[in-house]
Amino acid sequence: MPELPEVEVVCRSLRQAIIGRTITAFQATLPKLLKLPYQAPELFAERLIGAQIVNIRRRGKYILIGLNNDDNLTVHLRMTGKLLYQSPEILRGKHCHIVIAFDNGYELRFDDVRQFGSFYLTGSNELQQINGLAALGIEPLGEEFTLAYLQSLIKGKTQKAKAFLLDQRHIAGIGNIYADEILFEAHIHPAESIGNIVEKINQQQLWQAIRHQLSRGIEMGGSSIKDYVDSFGQAGSYQEYHCVYGRSGQPCRQCGTTIERMTISGRGSCYCPNCQRIMTSARH
DNA sequence: AATTGTACCTGTCAGC
DNA sequence: TGCTGACAGGTACAAT
């Protein structure tokens, strides 16, 4: 579900829903989702109750909820996590594991079928204690992510292009869907060594595809493959425009060739064997 | 440095 | 109607 565009859309909806609200209750029926402090519902409750939500930010696929007591509640949705802002009158779902209640009676509910989601509560100056967050690479939609920066990242690397895009230490926020779509737009085969992209025109195409796919994903409210929705329950529509993700066996939208699938980095990777060729320029 | 396998979980879908 | 296996938006860790 949630890659950079979906997480960004969730953050935007959360800002509308809960900025300025004061927390009145906290309940975790699946404490193992609390990673820091580990499995400590009482500690979370103690520090959260009475605190007011002052800001909400995104970093990679992490959601950072800033509180007026200088604490930060950080959430990672992993595969199937959802943050839903709902009236207490709406029945909680079967997979609702964490509930944060507010002064207006509404609740922020964490719903997660696969139970992979993560909650971290730290001081705002202790965010580096969250390992995955501390290790994140550059924000691809930020000003600092220039073509030159991308060139410096890929130079000399032999990682496969798909693995490179999924590696959060290089660029933060790209997941399996957008990686496939980016490589299709950039005409790069997922198994191509990233360091083989040496022509400036190809590097530029990759840079543009990263920015373009992610920002279009946000504009369309994200990709709702199975059940992704924002905190108001709103689905996205970018899945209607996917060219390769989830389309193996179907004809390429550009050339009609059958989309193929292979496994890279343990993830299914869909690509058009005609539009995305392995470069032969690896020879000397 | 890069890659593979395993683990964490539940649900869905295709095939028999 | 079952049953089985493959697979699913992510990441951490161990082994090679």
# chains A, B, ... in the order shown; residues from 1 in each chain; ligands from 1
>>> residues_around(residues="segment 2-14 of chain B", least_positions_apart="2", cutoff="10 Å", atoms="only C-alpha atoms (C1' of nucleotides)", output="list in words")
Thr80, His95, Asp112, Val113, Arg114, Gln115, Phe116, Lys157, Thr158, Gln159, Lys160, Ala163, Ile264, Ser265 and Gly266 of chain A; DC16 of chain B; DG5, DA6, DC7, DA8, DT11, DA12, DC13, DA14, DA15 and DT16 of chain C
>>> residues_around(residues="Leu83 of chain A", least_positions_apart="5", cutoff="8 Å", atoms="only C-alpha atoms (C1' of nucleotides)", output="PyMOL selection string")
chain A and resi 10+108-111+230-231
>>> write_last_selection(atoms="C-alpha atoms", output="mmCIF file, in the first residue's frame")
data_model
loop_
_atom_site.group_PDB
_atom_site.id
_atom_site.type_symbol
_atom_site.label_atom_id
_atom_site.label_comp_id
_atom_site.auth_asym_id
_atom_site.auth_seq_id
_atom_site.Cartn_x
_atom_site.Cartn_y
_atom_site.Cartn_z
ATOM 1 C CA VAL A 10 -2.166 10.373 4.423
ATOM 2 C CA LEU A 108 -7.369 7.991 15.102
ATOM 3 C CA ARG A 109 -7.368 4.242 14.551
ATOM 4 C CA PHE A 110 -4.468 2.157 13.332
ATOM 5 C CA ASP A 111 -5.777 -0.707 11.259
ATOM 6 C CA ASP A 230 -6.252 8.133 3.346
ATOM 7 C CA SER A 231 -7.277 8.990 6.906
#
>>> residues_around(residues="Glu139 of chain A", least_positions_apart="5", cutoff="7 Å", atoms="only C-alpha atoms (C1' of nucleotides)", output="list in words")
Gly60, Phe145, Ile171 and Ala172 of chain A
>>> select_by_dssp(residues="segment 75-183 of chain A", states="strand (DSSP E or B)", output="number ranges by chain")
A: 75-76, 81-86, 96-102, 107-112, 118-123, 138, 160, 171
>>> write_last_selection(atoms="N, CA and C atoms", output="short mmCIF file (atom, residue, chain, number, x, y, z; two decimals), in the first residue's frame")
data_model
loop_
_atom_site.label_atom_id
_atom_site.label_comp_id
_atom_site.auth_asym_id
_atom_site.auth_seq_id
_atom_site.Cartn_x
_atom_site.Cartn_y
_atom_site.Cartn_z
N VAL A 75 5.15 6.98 12.91
CA VAL A 75 4.40 5.80 12.48
C VAL A 75 4.91 5.34 11.13
N HIS A 76 5.10 4.03 10.99
CA HIS A 76 5.40 3.44 9.67
C HIS A 76 4.29 2.45 9.35
N GLY A 81 -0.77 -1.12 6.76
CA GLY A 81 -1.23 -0.24 7.82
C GLY A 81 -2.07 0.91 7.30
N LYS A 82 -3.07 1.30 8.08
CA LYS A 82 -3.93 2.44 7.74
C LYS A 82 -4.15 3.28 8.98
N LEU A 83 -4.09 4.61 8.83
CA LEU A 83 -4.47 5.50 9.91
C LEU A 83 -5.82 6.10 9.53
N LEU A 84 -6.83 5.81 10.31
CA LEU A 84 -8.18 6.24 9.97
C LEU A 84 -8.73 7.18 11.04
N TYR A 85 -9.22 8.33 10.58
CA TYR A 85 -9.83 9.30 11.49
C TYR A 85 -11.34 9.07 11.46
N GLN A 86 -11.85 8.53 12.56
CA GLN A 86 -13.25 8.10 12.53
C GLN A 86 -14.02 8.49 13.79
N CYS A 96 -8.20 -3.41 13.75
CA CYS A 96 -7.86 -2.18 14.45
C CYS A 96 -7.07 -2.53 15.70
N HIS A 97 -5.80 -2.09 15.76
CA HIS A 97 -4.93 -2.52 16.85
C HIS A 97 -4.54 -1.40 17.82
N ILE A 98 -4.65 -0.16 17.36
CA ILE A 98 -4.26 0.97 18.21
C ILE A 98 -5.27 2.09 18.02
N VAL A 99 -5.68 2.73 19.13
CA VAL A 99 -6.64 3.82 19.06
C VAL A 99 -6.12 5.02 19.86
N ILE A 100 -6.16 6.19 19.21
CA ILE A 100 -5.84 7.44 19.89
C ILE A 100 -7.11 8.29 19.85
N ALA A 101 -7.61 8.67 21.02
CA ALA A 101 -8.85 9.46 21.07
C ALA A 101 -8.52 10.92 21.29
N PHE A 102 -9.41 11.81 20.76
CA PHE A 102 -9.18 13.25 20.86
C PHE A 102 -10.29 13.96 21.64
N GLU A 107 -11.60 9.55 16.88
CA GLU A 107 -10.48 8.66 17.14
C GLU A 107 -9.58 8.53 15.91
N LEU A 108 -8.30 8.38 16.15
CA LEU A 108 -7.37 7.99 15.10
C LEU A 108 -7.09 6.52 15.34
N ARG A 109 -7.47 5.69 14.37
CA ARG A 109 -7.37 4.24 14.55
C ARG A 109 -6.31 3.67 13.62
N PHE A 110 -5.47 2.82 14.16
CA PHE A 110 -4.47 2.16 13.33
C PHE A 110 -4.97 0.76 13.02
N ASP A 111 -5.20 0.54 11.74
CA ASP A 111 -5.78 -0.71 11.26
C ASP A 111 -4.72 -1.38 10.39
N ASP A 112 -4.40 -2.64 10.68
CA ASP A 112 -3.30 -3.28 9.97
C ASP A 112 -3.48 -4.80 9.90
N SER A 118 4.60 -0.01 12.61
CA SER A 118 5.48 0.35 13.72
C SER A 118 5.14 1.72 14.28
N PHE A 119 5.12 1.81 15.61
CA PHE A 119 4.94 3.08 16.31
C PHE A 119 6.19 3.35 17.15
N TYR A 120 6.64 4.59 17.13
CA TYR A 120 7.79 4.99 17.92
C TYR A 120 7.44 6.29 18.64
N LEU A 121 7.74 6.36 19.92
CA LEU A 121 7.53 7.60 20.66
C LEU A 121 8.88 8.06 21.21
N THR A 122 9.34 9.19 20.72
CA THR A 122 10.66 9.70 21.14
C THR A 122 10.57 11.20 21.36
N GLY A 123 11.56 11.76 22.02
CA GLY A 123 11.68 13.20 22.04
C GLY A 123 11.97 13.68 20.63
N ILE A 138 18.07 10.72 0.51
CA ILE A 138 17.51 12.03 0.17
C ILE A 138 16.01 11.95 -0.16
N LYS A 160 21.45 -3.62 -9.13
CA LYS A 160 20.44 -3.57 -10.19
C LYS A 160 19.56 -2.34 -9.99
N ILE A 171 17.64 6.81 -1.87
CA ILE A 171 16.52 7.73 -2.08
C ILE A 171 15.38 7.23 -1.20
#
>>> interface_residues(of="chain A", to="chain C", cutoff="8 Å", atoms="only C-alpha atoms (C1' of nucleotides)", output="list of chain:residue names")
A:Met1, A:Pro2, A:Glu3, A:Arg78, A:Met79, A:Thr80, A:Gly175, A:Asn176, A:Ile177, A:Ile225
>>> write_last_selection(atoms="N, CA and C atoms", output="PDB file, in the first residue's frame")
ATOM      1  N   MET A   1       0.811  -1.191   0.000  1.00  0.00           N
ATOM      2  CA  MET A   1       0.000   0.000   0.000  1.00  0.00           C
ATOM      3  C   MET A   1       0.850   1.248   0.000  1.00  0.00           C
ATOM      4  N   PRO A   2       1.550   1.496   1.028  1.00  0.00           N
ATOM      5  CA  PRO A   2       1.948   2.870   1.227  1.00  0.00           C
ATOM      6  C   PRO A   2       3.382   3.119   0.815  1.00  0.00           C
ATOM      7  N   GLU A   3       3.553   3.839  -0.241  1.00  0.00           N
ATOM      8  CA  GLU A   3       4.863   4.328  -0.640  1.00  0.00           C
ATOM      9  C   GLU A   3       4.825   5.844  -0.462  1.00  0.00           C
ATOM     10  N   ARG A  78       4.183   0.223   6.932  1.00  0.00           N
ATOM     11  CA  ARG A  78       4.631  -1.033   6.302  1.00  0.00           C
ATOM     12  C   ARG A  78       3.705  -1.428   5.146  1.00  0.00           C
ATOM     13  N   MET A  79       3.218  -2.681   5.132  1.00  0.00           N
ATOM     14  CA  MET A  79       2.477  -3.153   3.960  1.00  0.00           C
ATOM     15  C   MET A  79       0.989  -2.786   3.974  1.00  0.00           C
ATOM     16  N   THR A  80       0.348  -2.982   5.098  1.00  0.00           N
ATOM     17  CA  THR A  80      -1.121  -2.867   5.103  1.00  0.00           C
ATOM     18  C   THR A  80      -1.651  -1.934   6.188  1.00  0.00           C
ATOM     19  N   GLY A 175       8.824   2.629  -3.410  1.00  0.00           N
ATOM     20  CA  GLY A 175       8.502   1.234  -3.121  1.00  0.00           C
ATOM     21  C   GLY A 175       8.293   0.467  -4.414  1.00  0.00           C
ATOM     22  N   ASN A 176       7.720  -0.715  -4.293  1.00  0.00           N
ATOM     23  CA  ASN A 176       7.665  -1.634  -5.426  1.00  0.00           C
ATOM     24  C   ASN A 176       6.847  -1.116  -6.608  1.00  0.00           C
ATOM     25  N   ILE A 177       5.733  -0.473  -6.335  1.00  0.00           N
ATOM     26  CA  ILE A 177       4.885   0.033  -7.422  1.00  0.00           C
ATOM     27  C   ILE A 177       5.612   1.137  -8.197  1.00  0.00           C
ATOM     28  N   ILE A 225      -4.360  -0.187  -4.600  1.00  0.00           N
ATOM     29  CA  ILE A 225      -4.306  -1.501  -5.221  1.00  0.00           C
ATOM     30  C   ILE A 225      -5.323  -2.437  -4.591  1.00  0.00           C
TER      31      ILE A 225
END
>>> atom_distance(atom1="atom CA of Leu34 of chain A", atom2="atom CA of Ala17 of chain A")
22.8 Å
>>> select_by_dssp(residues="segment 3-215 of chain A", states="helix (DSSP H, G or I)", output="VMD selection string")
chain A and resid 4 to 18 31 to 33 41 to 48 127 to 129 131 to 134 147 to 154 161 to 166 176 to 185 194 to 196 200 to 215
>>> write_last_selection(atoms="C-alpha atoms", output="PDB file, in the first residue's frame")
ATOM      1  CA  LEU A   4       5.918   7.959  -0.663  1.00  0.00           C
ATOM      2  CA  PRO A   5       2.823   9.267  -2.513  1.00  0.00           C
ATOM      3  CA  GLU A   6       0.363   7.364  -0.337  1.00  0.00           C
ATOM      4  CA  VAL A   7       2.153   8.372   2.873  1.00  0.00           C
ATOM      5  CA  GLU A   8       2.210  11.993   1.702  1.00  0.00           C
ATOM      6  CA  VAL A   9      -1.536  11.911   1.005  1.00  0.00           C
ATOM      7  CA  VAL A  10      -2.166  10.373   4.423  1.00  0.00           C
ATOM      8  CA  CYS A  11      -0.118  13.155   6.048  1.00  0.00           C
ATOM      9  CA  ARG A  12      -2.104  15.824   4.240  1.00  0.00           C
ATOM     10  CA  SER A  13      -5.395  14.301   5.317  1.00  0.00           C
ATOM     11  CA  LEU A  14      -4.127  13.915   8.877  1.00  0.00           C
ATOM     12  CA  ARG A  15      -3.223  17.602   9.017  1.00  0.00           C
ATOM     13  CA  GLN A  16      -6.792  18.511   8.215  1.00  0.00           C
ATOM     14  CA  ALA A  17      -8.128  16.027  10.740  1.00  0.00           C
ATOM     15  CA  ILE A  18      -6.047  16.288  13.881  1.00  0.00           C
ATOM     16  CA  PRO A  31       1.484  -3.943  21.928  1.00  0.00           C
ATOM     17  CA  LYS A  32       4.138  -5.497  19.696  1.00  0.00           C
ATOM     18  CA  LEU A  33       3.448  -2.740  17.164  1.00  0.00           C
ATOM     19  CA  PRO A  41       1.334   0.831  26.090  1.00  0.00           C
ATOM     20  CA  GLU A  42       1.347   2.453  29.552  1.00  0.00           C
ATOM     21  CA  LEU A  43       4.342   4.615  28.696  1.00  0.00           C
ATOM     22  CA  PHE A  44       2.763   5.670  25.407  1.00  0.00           C
ATOM     23  CA  ALA A  45      -0.474   6.540  27.206  1.00  0.00           C
ATOM     24  CA  GLU A  46       1.316   8.464  29.927  1.00  0.00           C
ATOM     25  CA  ARG A  47       3.205  10.665  27.499  1.00  0.00           C
ATOM     26  CA  LEU A  48       0.455  11.043  24.889  1.00  0.00           C
ATOM     27  CA  LEU A 127      14.498  10.753  16.194  1.00  0.00           C
ATOM     28  CA  GLN A 128      17.847   9.265  15.225  1.00  0.00           C
ATOM     29  CA  GLN A 129      17.068   6.419  17.641  1.00  0.00           C
ATOM     30  CA  ASN A 131      17.186   3.157  12.887  1.00  0.00           C
ATOM     31  CA  GLY A 132      15.280   3.023   9.607  1.00  0.00           C
ATOM     32  CA  LEU A 133      14.487   6.714   9.819  1.00  0.00           C
ATOM     33  CA  ALA A 134      18.065   7.702  10.636  1.00  0.00           C
ATOM     34  CA  LEU A 147      20.322  15.568 -11.492  1.00  0.00           C
ATOM     35  CA  ALA A 148      23.876  16.032 -10.241  1.00  0.00           C
ATOM     36  CA  TYR A 149      22.945  14.436  -6.916  1.00  0.00           C
ATOM     37  CA  LEU A 150      21.416  11.431  -8.663  1.00  0.00           C
ATOM     38  CA  GLN A 151      24.525  11.127 -10.816  1.00  0.00           C
ATOM     39  CA  SER A 152      26.695  11.039  -7.702  1.00  0.00           C
ATOM     40  CA  LEU A 153      24.473   8.336  -6.202  1.00  0.00           C
ATOM     41  CA  ILE A 154      24.580   5.975  -9.166  1.00  0.00           C
ATOM     42  CA  ALA A 161      18.330  -0.538 -11.066  1.00  0.00           C
ATOM     43  CA  LYS A 162      15.270  -1.953  -9.302  1.00  0.00           C
ATOM     44  CA  ALA A 163      17.239  -2.770  -6.145  1.00  0.00           C
ATOM     45  CA  PHE A 164      18.801   0.691  -6.214  1.00  0.00           C
ATOM     46  CA  LEU A 165      15.425   2.434  -6.300  1.00  0.00           C
ATOM     47  CA  LEU A 166      14.073   0.269  -3.469  1.00  0.00           C
ATOM     48  CA  ASN A 176       7.665  -1.634  -5.426  1.00  0.00           C
ATOM     49  CA  ILE A 177       4.885   0.033  -7.422  1.00  0.00           C
ATOM     50  CA  TYR A 178       6.608   3.324  -8.137  1.00  0.00           C
ATOM     51  CA  ALA A 179       9.984   1.667  -8.759  1.00  0.00           C
ATOM     52  CA  ASP A 180       8.431  -0.365 -11.597  1.00  0.00           C
ATOM     53  CA  GLU A 181       6.599   2.653 -13.008  1.00  0.00           C
ATOM     54  CA  ILE A 182       9.703   4.859 -12.793  1.00  0.00           C
ATOM     55  CA  LEU A 183      11.839   2.307 -14.657  1.00  0.00           C
ATOM     56  CA  PHE A 184       9.202   1.965 -17.355  1.00  0.00           C
ATOM     57  CA  GLU A 185       8.994   5.712 -17.878  1.00  0.00           C
ATOM     58  CA  ILE A 194      22.478   1.283 -12.145  1.00  0.00           C
ATOM     59  CA  GLY A 195      26.092   2.290 -12.800  1.00  0.00           C
ATOM     60  CA  ASN A 196      25.590   1.395 -16.461  1.00  0.00           C
ATOM     61  CA  LYS A 200      23.452  12.087 -19.450  1.00  0.00           C
ATOM     62  CA  ILE A 201      20.222  11.792 -21.443  1.00  0.00           C
ATOM     63  CA  ASN A 202      19.427   8.497 -19.714  1.00  0.00           C
ATOM     64  CA  GLN A 203      20.321   9.839 -16.285  1.00  0.00           C
ATOM     65  CA  GLN A 204      18.076  12.794 -16.945  1.00  0.00           C
ATOM     66  CA  GLN A 205      15.216  10.497 -17.957  1.00  0.00           C
ATOM     67  CA  LEU A 206      15.604   8.551 -14.736  1.00  0.00           C
ATOM     68  CA  TRP A 207      15.717  11.727 -12.640  1.00  0.00           C
ATOM     69  CA  GLN A 208      12.618  13.075 -14.335  1.00  0.00           C
ATOM     70  CA  ALA A 209      10.763   9.770 -14.072  1.00  0.00           C
ATOM     71  CA  ILE A 210      11.389   9.632 -10.312  1.00  0.00           C
ATOM     72  CA  ARG A 211      10.001  13.146  -9.782  1.00  0.00           C
ATOM     73  CA  HIS A 212       7.197  12.699 -12.291  1.00  0.00           C
ATOM     74  CA  GLN A 213       5.867   9.342 -11.074  1.00  0.00           C
ATOM     75  CA  LEU A 214       5.954  10.312  -7.416  1.00  0.00           C
ATOM     76  CA  SER A 215       4.329  13.697  -7.918  1.00  0.00           C
TER      77      SER A 215
END
>>> decode(residues="chain C", atoms="N, CA and C atoms (P, O5', C5', C4', C3', O3' and C1' of nucleotides)", output="tab-separated table (two decimals), in the first residue's frame")
chain	number	residue	atom	x	y	z
C	1	DT	P	-19.80	-23.49	-0.64
C	1	DT	O5'	-19.28	-24.93	-0.74
C	1	DT	C5'	-19.58	-26.21	-0.93
C	1	DT	C4'	-18.46	-27.01	-0.36
C	1	DT	C3'	-17.46	-26.21	0.47
C	1	DT	O3'	-17.15	-26.96	1.63
C	1	DT	C1'	-16.32	-27.26	-1.30
C	2	DG	P	-16.36	-26.50	2.82
C	2	DG	O5'	-15.00	-26.18	2.08
C	2	DG	C5'	-13.88	-26.40	2.79
C	2	DG	C4'	-13.20	-27.69	2.41
C	2	DG	C3'	-11.74	-27.56	2.78
C	2	DG	O3'	-11.26	-28.78	3.29
C	2	DG	C1'	-11.96	-27.83	0.41
C	3	DC	P	-10.06	-28.69	4.35
C	3	DC	O5'	-8.78	-28.65	3.41
C	3	DC	C5'	-8.36	-29.83	2.75
C	3	DC	C4'	-7.34	-29.49	1.72
C	3	DC	C3'	-6.19	-28.64	2.27
C	3	DC	O3'	-5.02	-29.44	2.34
C	3	DC	C1'	-6.96	-27.89	0.11
C	4	DT	P	-3.61	-28.73	2.73
C	4	DT	O5'	-3.11	-28.19	1.32
C	4	DT	C5'	-2.79	-29.10	0.27
C	4	DT	C4'	-2.00	-28.31	-0.75
C	4	DT	C3'	-0.88	-27.49	-0.10
C	4	DT	O3'	0.34	-27.71	-0.78
C	4	DT	C1'	-2.34	-26.07	-1.36
C	5	DG	P	1.70	-27.04	-0.18
C	5	DG	O5'	2.01	-25.97	-1.31
C	5	DG	C5'	1.72	-26.27	-2.67
C	5	DG	C4'	1.80	-24.99	-3.48
C	5	DG	C3'	2.94	-24.07	-3.04
C	5	DG	O3'	3.53	-23.51	-4.21
C	5	DG	C1'	0.89	-22.91	-2.87
C	6	DA	P	4.86	-22.61	-4.08
C	6	DA	O5'	4.35	-21.25	-4.72
C	6	DA	C5'	3.60	-21.28	-5.93
C	6	DA	C4'	3.06	-19.89	-6.20
C	6	DA	C3'	4.08	-18.78	-5.89
C	6	DA	O3'	4.05	-17.82	-6.93
C	6	DA	C1'	2.09	-18.44	-4.63
C	7	DC	P	5.17	-16.67	-6.93
C	7	DC	O5'	4.36	-15.44	-6.34
C	7	DC	C5'	3.10	-15.07	-6.90
C	7	DC	C4'	2.44	-14.09	-5.97
C	7	DC	C3'	3.41	-13.06	-5.40
C	7	DC	O3'	3.15	-11.80	-5.99
C	7	DC	C1'	1.88	-13.88	-3.76
C	8	DA	P	4.16	-10.58	-5.71
C	8	DA	O5'	3.35	-9.69	-4.66
C	8	DA	C5'	2.08	-9.15	-5.02
C	8	DA	C4'	1.47	-8.49	-3.80
C	8	DA	C3'	2.51	-7.81	-2.90
C	8	DA	O3'	2.67	-6.45	-3.29
C	8	DA	C1'	0.94	-9.11	-1.63
C	9	DG	P	4.09	-6.00	-3.89
C	9	DG	O5'	4.21	-4.50	-3.45
C	9	DG	C5'	3.09	-3.71	-3.11
C	9	DG	C4'	3.55	-2.35	-2.62
C	9	DG	C3'	4.41	-2.37	-1.36
C	9	DG	O3'	5.06	-1.12	-1.25
C	9	DG	C1'	2.20	-1.86	-0.81
C	10	DG	P	6.51	-1.14	-0.74
C	10	DG	O5'	6.44	-1.82	0.69
C	10	DG	C5'	5.94	-1.09	1.80
C	10	DG	C4'	6.88	-1.25	2.99
C	10	DG	C3'	8.34	-0.99	2.66
C	10	DG	O3'	8.86	-0.11	3.66
C	10	DG	C1'	8.08	-3.13	3.65
C	11	DT	P	10.33	0.45	3.56
C	11	DT	O5'	11.14	-0.55	4.48
C	11	DT	C5'	10.86	-0.49	5.87
C	11	DT	C4'	11.44	-1.68	6.56
C	11	DT	C3'	12.97	-1.73	6.55
C	11	DT	O3'	13.35	-1.79	7.89
C	11	DT	C1'	12.04	-3.84	6.15
C	12	DA	P	14.71	-1.23	8.44
C	12	DA	O5'	15.17	-2.42	9.41
C	12	DA	C5'	14.21	-3.01	10.27
C	12	DA	C4'	14.73	-4.38	10.67
C	12	DA	C3'	16.25	-4.45	10.76
C	12	DA	O3'	16.59	-5.13	11.94
C	12	DA	C1'	15.44	-6.13	9.30
C	13	DC	P	18.09	-5.11	12.50
C	13	DC	O5'	18.58	-6.60	12.25
C	13	DC	C5'	17.75	-7.69	12.62
C	13	DC	C4'	18.26	-8.94	11.96
C	13	DC	C3'	19.78	-9.02	11.88
C	13	DC	O3'	20.22	-10.17	12.58
C	13	DC	C1'	18.78	-9.59	9.81
C	14	DA	P	21.80	-10.44	12.78
C	14	DA	O5'	21.96	-11.82	12.00
C	14	DA	C5'	20.94	-12.81	12.06
C	14	DA	C4'	21.24	-13.89	11.04
C	14	DA	C3'	22.73	-14.23	10.93
C	14	DA	O3'	22.88	-15.63	10.81
C	14	DA	C1'	21.90	-13.52	8.82
C	15	DA	P	24.37	-16.29	10.78
C	15	DA	O5'	24.49	-16.69	9.23
C	15	DA	C5'	23.46	-17.45	8.62
C	15	DA	C4'	23.74	-17.55	7.14
C	15	DA	C3'	25.20	-17.91	6.80
C	15	DA	O3'	25.20	-18.93	5.83
C	15	DA	C1'	24.52	-15.97	5.62
C	16	DT	P	26.60	-19.64	5.39
C	16	DT	O5'	26.80	-19.07	3.93
C	16	DT	C5'	25.73	-19.08	2.99
C	16	DT	C4'	26.13	-18.32	1.75
C	16	DT	C3'	27.59	-18.57	1.31
C	16	DT	O3'	27.58	-18.88	-0.07
C	16	DT	C1'	27.13	-16.27	1.38
